[in-house]
Amino acid sequence: MFPTVREVLALDPVRRGAPRLVAGETGLDRPVRWVHVTEVPDIATLLGGGELVLTTGIGLPADDVGLRAFIGDLVAVGVSGLVVELGRRYPTEVPRVMAVAAARRGLPLVELRRPTPFVRITEAVHALIVDAQLHELRAAEEIHQRFTELSVEGAGTAEVVRQAAALAGCPVVLENLSRQVLAYDPAGENAELLLDGWEQHSRRLRPAGRTAYDSDSGWLVTTVGARGQDWGRLLLRWPARAGLGDGRPVGAPPTRLTILVERAASTLALGRLIRRDAEGLERQLHHTLLTALLDHSRPVDEIALRARALGVPLDRRHLVGVMVRLRRDTPAESGAPGEGGPAEAGPARLRDLAEAVGQALREAKLTGLTSPVDDQAVGVLLALPEAAAEDRALAAFAAALRRRHPDQPARVLVAAGSGVASLREVRRSLVEARQVAEAARRDSRDLPVFRLPHVGLAGLLHLLRDEPRLQTFVERELGALLAHDAQHPREQLLGTLRAYLEQGRNKSAGAVAAHLSRPAFYERLARIGRILGVDLDSVEACLSLHVALLALDAIRTP
């Protein structure tokens, strides 16, 4: 950081001049970016802000109006302070009108009561400034080194955020596109106060550009994403510095903090890409092939060739993606004694499930690829001789699995995607099966096999809640209304829109559901239409808004 006016006054060359603060005590903590010596009254046009101005006063105006204008011009360009050496123009003290003007504008005004070579002052201050710049360079080098190490080590999201907060000494928050907090580190501050009403607070931050500083709130914000796909924002709160006595931040945060948040955001984006691509590198061949189909990471001809070598022909077959998963994400609860405790219960249970799935395939006399695809699910790609065999094969597989897993309805579910006739379309079937399995795990029905029609639109949106494109859709459709509600917490128009849509666009029924009079309800609908820029009498517009509301509920529901 640059030295402050207070620190400059403590330097030996300045102290030799017997300095006395005449006015502007509240501005003593302003940073001094440079020192400028002048003897002309119109120097303000040559300054850029942050300078400490030194003068003997010999060229300053002789009248009160001119002196007030001189002080006003310095304040307007943002100088840090004014130092006047007594003796040449002002024998014993600066004019009272100058002191009053500086006090009124909060500008530090200092008298030097003994002759002082200005060159000694400029040398001392500029040495401090150069040291500060070197400190910034060293800090930037440390930032690059630290985040490079984190990238190489494959550090998790929480660790990257923690390191960013430690390096900055400031709170850091990572959020997704729906303004939900993914990770945070309060840097010693109160976490509850930091995150209280976060979504509404975050929606008020609208900095321009990918990295920008919101001076009103004191948050430095940068976008997180890679390959043209943004999925969140990283925010760093730069502590306010005393400047004008009102607690507002002075200027922009130091360059090292901008470098820090951008490097942290790059590390987070890179880590997400690495974790997404590295999963298939540590699995056996079945999992490698299933992962390749899901990720499009290998040509389908190569996958078919390698699968055929494994004894699983995929050419000219009817292919069905299946996911068998645990209903709850609490594997530690079912750890068996002697398996090493809760830490090993999850992997052990998944291994048991994978083995049961393989045995069920063999018992049902079915051919396919099978392997765990994540910490909770086992994927299966069934290769059937014809499409007519799909329902029968799925029923046989589910029955065999239930025999192997008698507690299947309570703990395990089977979900299947739509059958496809080509290996190039298999990814769609596998992804659909994964989505149906994710949504169905909250379904208490005892169905042998869950298919897409069983989960409905709400279930589909729930399983897509972490998809950045869905979050972007919600922001596009409802962002303006959510921002309005954040600005007007006592008047929540989102509830009015929800009542209107849930009552089938029946305004009378909507007014009753919202506990509002008809005129008040109609007036709110009109305002909602203006805020969103849509016609609420349009079926298509309301359908889009209703889907966005359901998606917003899914995003907000853990």
# chains A, B, ... in the order shown; residues from 1 in each chain; ligands from 1

$ residues_around --residues "segment 70-86 of chain A" --least-positions-apart "3" --cutoff "7 Å" --atoms "only C-alpha atoms" --output "PyMOL selection string"
chain A and resi 5+30-32+41+44+47-57+66-67+89-93+101-102+107-113+115

$ write_last_selection --atoms "N, CA and C atoms" --output "CSV table (one decimal), in the first residue's frame"
chain,number,residue,atom,x,y,z
A,5,VAL,N,-0.7,10.1,4.5
A,5,VAL,CA,-0.2,11.5,4.9
A,5,VAL,C,0.3,11.4,6.3
A,30,ARG,N,-5.2,9.1,4.2
A,30,ARG,CA,-5.3,9.0,2.7
A,30,ARG,C,-3.9,8.6,2.2
A,31,PRO,N,-3.9,7.7,1.2
A,31,PRO,CA,-2.6,7.3,0.6
A,31,PRO,C,-2.0,8.4,-0.2
A,32,VAL,N,-0.7,8.4,-0.2
A,32,VAL,CA,0.1,9.4,-1.0
A,32,VAL,C,0.7,8.7,-2.1
A,41,PRO,N,-0.8,28.8,-9.0
A,41,PRO,CA,-2.2,28.5,-8.4
A,41,PRO,C,-3.0,27.5,-9.3
A,44,ALA,N,-3.8,22.3,-10.3
A,44,ALA,CA,-4.7,21.2,-10.3
A,44,ALA,C,-4.9,20.5,-11.6
A,47,LEU,N,-2.5,17.6,-12.2
A,47,LEU,CA,-2.5,16.5,-11.2
A,47,LEU,C,-3.5,15.4,-11.5
A,48,GLY,N,-3.2,14.2,-11.0
A,48,GLY,CA,-4.1,13.1,-11.3
A,48,GLY,C,-4.8,12.5,-10.1
A,49,GLY,N,-4.5,13.0,-8.9
A,49,GLY,CA,-5.1,12.5,-7.7
A,49,GLY,C,-4.1,11.7,-6.9
A,50,GLY,N,-4.2,11.8,-5.6
A,50,GLY,CA,-3.3,11.1,-4.7
A,50,GLY,C,-2.0,11.8,-4.4
A,51,GLU,N,-1.7,13.0,-4.9
A,51,GLU,CA,-0.5,13.6,-4.7
A,51,GLU,C,-0.5,14.4,-3.4
A,52,LEU,N,0.7,14.5,-2.8
A,52,LEU,CA,0.9,15.4,-1.7
A,52,LEU,C,1.6,16.7,-2.3
A,53,VAL,N,1.0,17.8,-2.2
A,53,VAL,CA,1.5,19.0,-2.8
A,53,VAL,C,2.3,19.8,-1.8
A,54,LEU,N,3.6,20.2,-2.2
A,54,LEU,CA,4.4,21.0,-1.4
A,54,LEU,C,4.6,22.4,-2.0
A,55,THR,N,4.5,23.5,-1.2
A,55,THR,CA,4.6,24.8,-1.8
A,55,THR,C,5.1,25.8,-0.7
A,56,THR,N,5.8,26.9,-1.1
A,56,THR,CA,6.1,28.0,-0.2
A,56,THR,C,5.0,29.0,-0.2
A,57,GLY,N,4.1,29.0,-1.2
A,57,GLY,CA,3.0,29.9,-1.3
A,57,GLY,C,3.3,31.2,-2.0
A,66,GLY,N,-9.5,33.7,-4.3
A,66,GLY,CA,-8.5,32.9,-5.0
A,66,GLY,C,-8.0,31.8,-4.2
A,67,LEU,N,-7.8,32.0,-2.9
A,67,LEU,CA,-7.3,30.9,-2.0
A,67,LEU,C,-8.3,29.8,-1.9
A,89,ARG,N,6.3,33.5,1.9
A,89,ARG,CA,5.1,34.2,1.6
A,89,ARG,C,4.3,34.5,2.9
A,90,TYR,N,4.3,33.4,3.8
A,90,TYR,CA,3.5,33.6,5.0
A,90,TYR,C,4.5,33.4,6.2
A,91,PRO,N,4.8,34.6,6.8
A,91,PRO,CA,5.8,34.5,7.9
A,91,PRO,C,5.6,33.6,9.1
A,92,THR,N,4.4,33.7,9.6
A,92,THR,CA,4.1,33.0,10.9
A,92,THR,C,3.0,31.9,10.8
A,93,GLU,N,2.1,32.0,9.8
A,93,GLU,CA,1.0,31.0,9.7
A,93,GLU,C,0.3,31.2,8.3
A,101,ALA,N,-11.1,26.8,4.6
A,101,ALA,CA,-11.5,26.1,3.4
A,101,ALA,C,-11.0,24.7,3.4
A,102,ALA,N,-9.7,24.4,3.9
A,102,ALA,CA,-9.2,23.1,4.0
A,102,ALA,C,-10.0,22.2,5.0
A,107,LEU,N,-9.4,18.5,3.7
A,107,LEU,CA,-8.1,18.4,3.1
A,107,LEU,C,-7.0,18.6,4.2
A,108,PRO,N,-6.1,17.6,4.4
A,108,PRO,CA,-5.0,17.9,5.4
A,108,PRO,C,-4.1,19.1,4.9
A,109,LEU,N,-4.0,20.0,5.8
A,109,LEU,CA,-3.2,21.2,5.5
A,109,LEU,C,-2.1,21.3,6.6
A,110,VAL,N,-0.9,21.3,6.2
A,110,VAL,CA,0.2,21.2,7.2
A,110,VAL,C,1.2,22.4,7.0
A,111,GLU,N,1.6,23.1,8.1
A,111,GLU,CA,2.6,24.1,8.0
A,111,GLU,C,4.0,23.5,8.4
A,112,LEU,N,5.0,23.9,7.6
A,112,LEU,CA,6.4,23.6,8.0
A,112,LEU,C,7.0,24.9,8.6
A,113,ARG,N,7.2,24.9,9.9
A,113,ARG,CA,7.6,26.2,10.6
A,113,ARG,C,9.1,26.5,10.5
A,115,PRO,N,12.6,26.2,7.7
A,115,PRO,CA,12.9,25.9,6.3
A,115,PRO,C,13.4,24.5,6.1

$ residues_around --residues "Ala486 of chain A" --least-positions-apart "5" --cutoff "9 Å" --atoms "only C-alpha atoms" --output "ChimeraX atom specification"
/A:199-201,203-204,481,492

$ closest_residue --among "A:Leu60, A:Ile531, A:Ser297, A:Thr26" --to "Asp42 of chain A" --atoms "only C-alpha atoms"
A:Leu60

$ residues_around --residues "segment 424-440 of chain A" --least-positions-apart "6" --cutoff "9 Å" --atoms "only C-alpha atoms" --output "NGL selection string"
:A and (290 or 293-296 or 300 or 319-325 or 327 or 377 or 379-381 or 413-418 or 450-452 or 454-455 or 458-464)

$ residues_around --residues "segment 543-545 of chain A" --least-positions-apart "6" --cutoff "9 Å" --atoms "only C-alpha atoms" --output "JSON, numbers by chain"
{"A": [474, 477, 478, 497, 501]}

$ residues_around --residues "Val312 of chain A" --least-positions-apart "2" --cutoff "10 Å" --atoms "only C-alpha atoms" --output "PyMOL selection string"
chain A and resi 304-310+314-315+367-369+381-383

$ residues_around --residues "segment 116-131 of chain A" --least-positions-apart "3" --cutoff "7 Å" --atoms "only C-alpha atoms" --output "list in words"
Phe2, Pro3, Val8, Pro13, Val14, Gly17, Trp34, Val35, Leu134 and His135 of chain A

$ write_last_selection --atoms "all heavy atoms" --output "mmCIF file, in the first residue's frame"
data_model
loop_
_atom_site.group_PDB
_atom_site.id
_atom_site.type_symbol
_atom_site.label_atom_id
_atom_site.label_comp_id
_atom_site.auth_asym_id
_atom_site.auth_seq_id
_atom_site.Cartn_x
_atom_site.Cartn_y
_atom_site.Cartn_z
ATOM 1 N N PHE A 2 0.390 2.345 -0.583
ATOM 2 C CA PHE A 2 1.130 3.606 -0.574
ATOM 3 C C PHE A 2 1.176 4.167 0.846
ATOM 4 O O PHE A 2 0.272 3.906 1.656
ATOM 5 C CB PHE A 2 0.456 4.612 -1.504
ATOM 6 C CG PHE A 2 0.561 4.262 -2.956
ATOM 7 C CD1 PHE A 2 -0.576 3.937 -3.686
ATOM 8 C CD2 PHE A 2 1.781 4.245 -3.594
ATOM 9 C CE1 PHE A 2 -0.481 3.604 -5.032
ATOM 10 C CE2 PHE A 2 1.894 3.919 -4.928
ATOM 11 C CZ PHE A 2 0.748 3.595 -5.649
ATOM 12 N N PRO A 3 2.210 4.965 1.164
ATOM 13 C CA PRO A 3 2.247 5.583 2.493
ATOM 14 C C PRO A 3 1.102 6.587 2.645
ATOM 15 O O PRO A 3 0.628 7.172 1.672
ATOM 16 C CB PRO A 3 3.613 6.281 2.509
ATOM 17 C CG PRO A 3 3.938 6.512 1.074
ATOM 18 C CD PRO A 3 3.363 5.335 0.334
ATOM 19 N N VAL A 8 3.829 10.072 6.148
ATOM 20 C CA VAL A 8 4.750 11.055 5.562
ATOM 21 C C VAL A 8 5.149 12.091 6.604
ATOM 22 O O VAL A 8 6.325 12.486 6.707
ATOM 23 C CB VAL A 8 4.105 11.727 4.335
ATOM 24 C CG1 VAL A 8 4.950 12.923 3.878
ATOM 25 C CG2 VAL A 8 3.956 10.726 3.206
ATOM 26 N N PRO A 13 12.858 13.913 7.293
ATOM 27 C CA PRO A 13 12.965 15.195 6.587
ATOM 28 C C PRO A 13 11.781 16.116 6.844
ATOM 29 O O PRO A 13 11.944 17.345 6.821
ATOM 30 C CB PRO A 13 13.025 14.766 5.110
ATOM 31 C CG PRO A 13 13.532 13.368 5.138
ATOM 32 C CD PRO A 13 12.953 12.762 6.370
ATOM 33 N N VAL A 14 10.606 15.546 7.074
ATOM 34 C CA VAL A 14 9.433 16.381 7.360
ATOM 35 C C VAL A 14 9.481 16.859 8.804
ATOM 36 O O VAL A 14 9.189 18.031 9.094
ATOM 37 C CB VAL A 14 8.135 15.591 7.090
ATOM 38 C CG1 VAL A 14 6.909 16.474 7.370
ATOM 39 C CG2 VAL A 14 8.098 15.100 5.652
ATOM 40 N N GLY A 17 11.297 19.976 9.646
ATOM 41 C CA GLY A 17 10.619 21.230 9.316
ATOM 42 C C GLY A 17 9.599 21.653 10.345
ATOM 43 O O GLY A 17 8.852 22.618 10.114
ATOM 44 N N TRP A 34 2.129 10.176 -4.838
ATOM 45 C CA TRP A 34 3.304 10.899 -5.360
ATOM 46 C C TRP A 34 3.418 12.226 -4.628
ATOM 47 O O TRP A 34 2.494 12.652 -3.933
ATOM 48 C CB TRP A 34 3.159 11.131 -6.864
ATOM 49 C CG TRP A 34 4.471 11.312 -7.605
ATOM 50 C CD1 TRP A 34 4.915 12.436 -8.238
ATOM 51 C CD2 TRP A 34 5.502 10.339 -7.758
ATOM 52 N NE1 TRP A 34 6.156 12.228 -8.792
ATOM 53 C CE2 TRP A 34 6.546 10.942 -8.516
ATOM 54 C CE3 TRP A 34 5.648 9.024 -7.344
ATOM 55 C CZ2 TRP A 34 7.712 10.270 -8.846
ATOM 56 C CZ3 TRP A 34 6.815 8.350 -7.682
ATOM 57 C CH2 TRP A 34 7.825 8.976 -8.427
ATOM 58 N N VAL A 35 4.583 12.886 -4.753
ATOM 59 C CA VAL A 35 4.799 14.215 -4.172
ATOM 60 C C VAL A 35 5.051 15.194 -5.306
ATOM 61 O O VAL A 35 5.840 14.908 -6.213
ATOM 62 C CB VAL A 35 5.992 14.219 -3.197
ATOM 63 C CG1 VAL A 35 6.231 15.627 -2.658
ATOM 64 C CG2 VAL A 35 5.740 13.250 -2.052
ATOM 65 N N LEU A 134 7.468 -2.480 -4.851
ATOM 66 C CA LEU A 134 8.206 -3.745 -4.771
ATOM 67 C C LEU A 134 7.434 -4.765 -3.935
ATOM 68 O O LEU A 134 7.399 -5.957 -4.253
ATOM 69 C CB LEU A 134 9.592 -3.515 -4.174
ATOM 70 C CG LEU A 134 10.606 -2.809 -5.075
ATOM 71 C CD1 LEU A 134 11.891 -2.535 -4.315
ATOM 72 C CD2 LEU A 134 10.895 -3.655 -6.313
ATOM 73 N N HIS A 135 6.811 -4.264 -2.859
ATOM 74 C CA HIS A 135 5.994 -5.161 -2.038
ATOM 75 C C HIS A 135 4.839 -5.733 -2.848
ATOM 76 O O HIS A 135 4.512 -6.923 -2.722
ATOM 77 C CB HIS A 135 5.468 -4.387 -0.828
ATOM 78 C CG HIS A 135 4.528 -5.185 0.019
ATOM 79 N ND1 HIS A 135 4.946 -6.198 0.851
ATOM 80 C CD2 HIS A 135 3.173 -5.124 0.142
ATOM 81 C CE1 HIS A 135 3.895 -6.731 1.461
ATOM 82 N NE2 HIS A 135 2.810 -6.095 1.050
#

$ residues_around --residues "Glu523 of chain A" --least-positions-apart "4" --cutoff "12 Å" --atoms "only C-alpha atoms" --output "PyMOL selection string"
chain A and resi 493+496-497+507+511+516-519+527-530

$ write_last_selection --atoms "all heavy atoms" --output "CSV table (one decimal), in the first residue's frame"
chain,number,residue,atom,x,y,z
A,493,LEU,N,-42.8,-9.1,-5.0
A,493,LEU,CA,-43.7,-9.3,-6.2
A,493,LEU,C,-43.6,-10.8,-6.7
A,493,LEU,O,-44.4,-11.2,-7.4
A,493,LEU,CB,-43.3,-8.4,-7.3
A,493,LEU,CG,-43.5,-6.9,-7.0
A,493,LEU,CD1,-43.1,-6.0,-8.2
A,493,LEU,CD2,-45.0,-6.6,-6.6
A,496,THR,N,-46.5,-12.7,-5.8
A,496,THR,CA,-47.7,-12.4,-6.6
A,496,THR,C,-47.7,-13.1,-7.9
A,496,THR,O,-48.7,-13.7,-8.3
A,496,THR,CB,-47.7,-10.8,-6.8
A,496,THR,OG1,-47.7,-10.2,-5.5
A,496,THR,CG2,-49.0,-10.4,-7.6
A,497,LEU,N,-46.5,-13.1,-8.5
A,497,LEU,CA,-46.4,-13.8,-9.8
A,497,LEU,C,-46.7,-15.3,-9.6
A,497,LEU,O,-47.4,-16.0,-10.4
A,497,LEU,CB,-45.0,-13.6,-10.4
A,497,LEU,CG,-44.7,-14.4,-11.7
A,497,LEU,CD1,-45.7,-13.9,-12.8
A,497,LEU,CD2,-43.3,-14.1,-12.1
A,507,LYS,N,-57.0,-14.4,-12.5
A,507,LYS,CA,-56.6,-13.3,-11.7
A,507,LYS,C,-57.4,-13.2,-10.4
A,507,LYS,O,-56.9,-12.9,-9.3
A,507,LYS,CB,-56.8,-12.0,-12.5
A,507,LYS,CG,-55.8,-11.9,-13.6
A,507,LYS,CD,-56.0,-10.5,-14.4
A,507,LYS,CE,-55.0,-10.4,-15.5
A,507,LYS,NZ,-55.2,-9.2,-16.3
A,511,ALA,N,-55.7,-13.5,-6.8
A,511,ALA,CA,-55.8,-12.5,-5.7
A,511,ALA,C,-56.2,-13.1,-4.4
A,511,ALA,O,-55.7,-12.7,-3.3
A,511,ALA,CB,-56.9,-11.4,-6.1
A,516,LEU,N,-54.8,-10.7,-1.4
A,516,LEU,CA,-54.9,-9.3,-1.8
A,516,LEU,C,-56.2,-8.9,-2.4
A,516,LEU,O,-56.9,-9.8,-2.9
A,516,LEU,CB,-53.8,-9.0,-2.9
A,516,LEU,CG,-52.3,-9.1,-2.4
A,516,LEU,CD1,-51.4,-9.0,-3.6
A,516,LEU,CD2,-52.0,-8.0,-1.4
A,517,SER,N,-56.6,-7.7,-2.4
A,517,SER,CA,-57.8,-7.2,-3.1
A,517,SER,C,-57.5,-7.3,-4.6
A,517,SER,O,-56.4,-7.3,-5.1
A,517,SER,CB,-58.1,-5.8,-2.7
A,517,SER,OG,-57.1,-4.9,-3.1
A,518,ARG,N,-58.6,-7.4,-5.4
A,518,ARG,CA,-58.4,-7.5,-6.8
A,518,ARG,C,-57.7,-6.3,-7.4
A,518,ARG,O,-56.7,-6.5,-8.2
A,518,ARG,CB,-59.8,-7.7,-7.5
A,518,ARG,CG,-60.4,-9.0,-7.3
A,518,ARG,CD,-61.6,-9.2,-8.1
A,518,ARG,NE,-62.3,-10.4,-7.9
A,518,ARG,CZ,-63.4,-10.8,-8.5
A,518,ARG,NH1,-64.0,-10.0,-9.4
A,518,ARG,NH2,-64.0,-12.0,-8.2
A,519,PRO,N,-58.1,-5.1,-7.0
A,519,PRO,CA,-57.3,-3.9,-7.6
A,519,PRO,C,-55.8,-3.9,-7.3
A,519,PRO,O,-55.0,-3.7,-8.1
A,519,PRO,CB,-58.0,-2.7,-7.0
A,519,PRO,CG,-59.4,-3.2,-6.7
A,519,PRO,CD,-59.2,-4.6,-6.3
A,527,ARG,N,-47.2,-4.1,-12.7
A,527,ARG,CA,-45.8,-3.7,-12.4
A,527,ARG,C,-44.9,-4.8,-12.7
A,527,ARG,O,-43.8,-4.6,-13.2
A,527,ARG,CB,-45.7,-3.3,-10.9
A,527,ARG,CG,-45.8,-1.8,-10.7
A,527,ARG,CD,-45.5,-1.4,-9.3
A,527,ARG,NE,-46.4,-2.0,-8.3
A,527,ARG,CZ,-46.1,-2.3,-7.1
A,527,ARG,NH1,-44.9,-2.2,-6.7
A,527,ARG,NH2,-47.0,-2.8,-6.3
A,528,ILE,N,-45.3,-6.1,-12.4
A,528,ILE,CA,-44.5,-7.2,-12.7
A,528,ILE,C,-44.2,-7.3,-14.3
A,528,ILE,O,-43.1,-7.5,-14.7
A,528,ILE,CB,-45.1,-8.5,-12.2
A,528,ILE,CG1,-45.1,-8.6,-10.7
A,528,ILE,CG2,-44.4,-9.7,-12.8
A,528,ILE,CD1,-45.9,-9.7,-10.1
A,529,GLY,N,-45.3,-7.0,-15.0
A,529,GLY,CA,-45.1,-7.0,-16.5
A,529,GLY,C,-44.2,-6.0,-17.0
A,529,GLY,O,-43.4,-6.2,-17.9
A,530,ARG,N,-44.2,-4.8,-16.3
A,530,ARG,CA,-43.3,-3.7,-16.7
A,530,ARG,C,-41.9,-4.1,-16.3
A,530,ARG,O,-40.9,-3.8,-17.1
A,530,ARG,CB,-43.7,-2.4,-16.1
A,530,ARG,CG,-45.0,-1.8,-16.7
A,530,ARG,CD,-45.2,-0.4,-16.2
A,530,ARG,NE,-45.3,-0.3,-14.8
A,530,ARG,CZ,-46.5,-0.3,-14.1
A,530,ARG,NH1,-47.6,-0.5,-14.8
A,530,ARG,NH2,-46.5,-0.2,-12.8
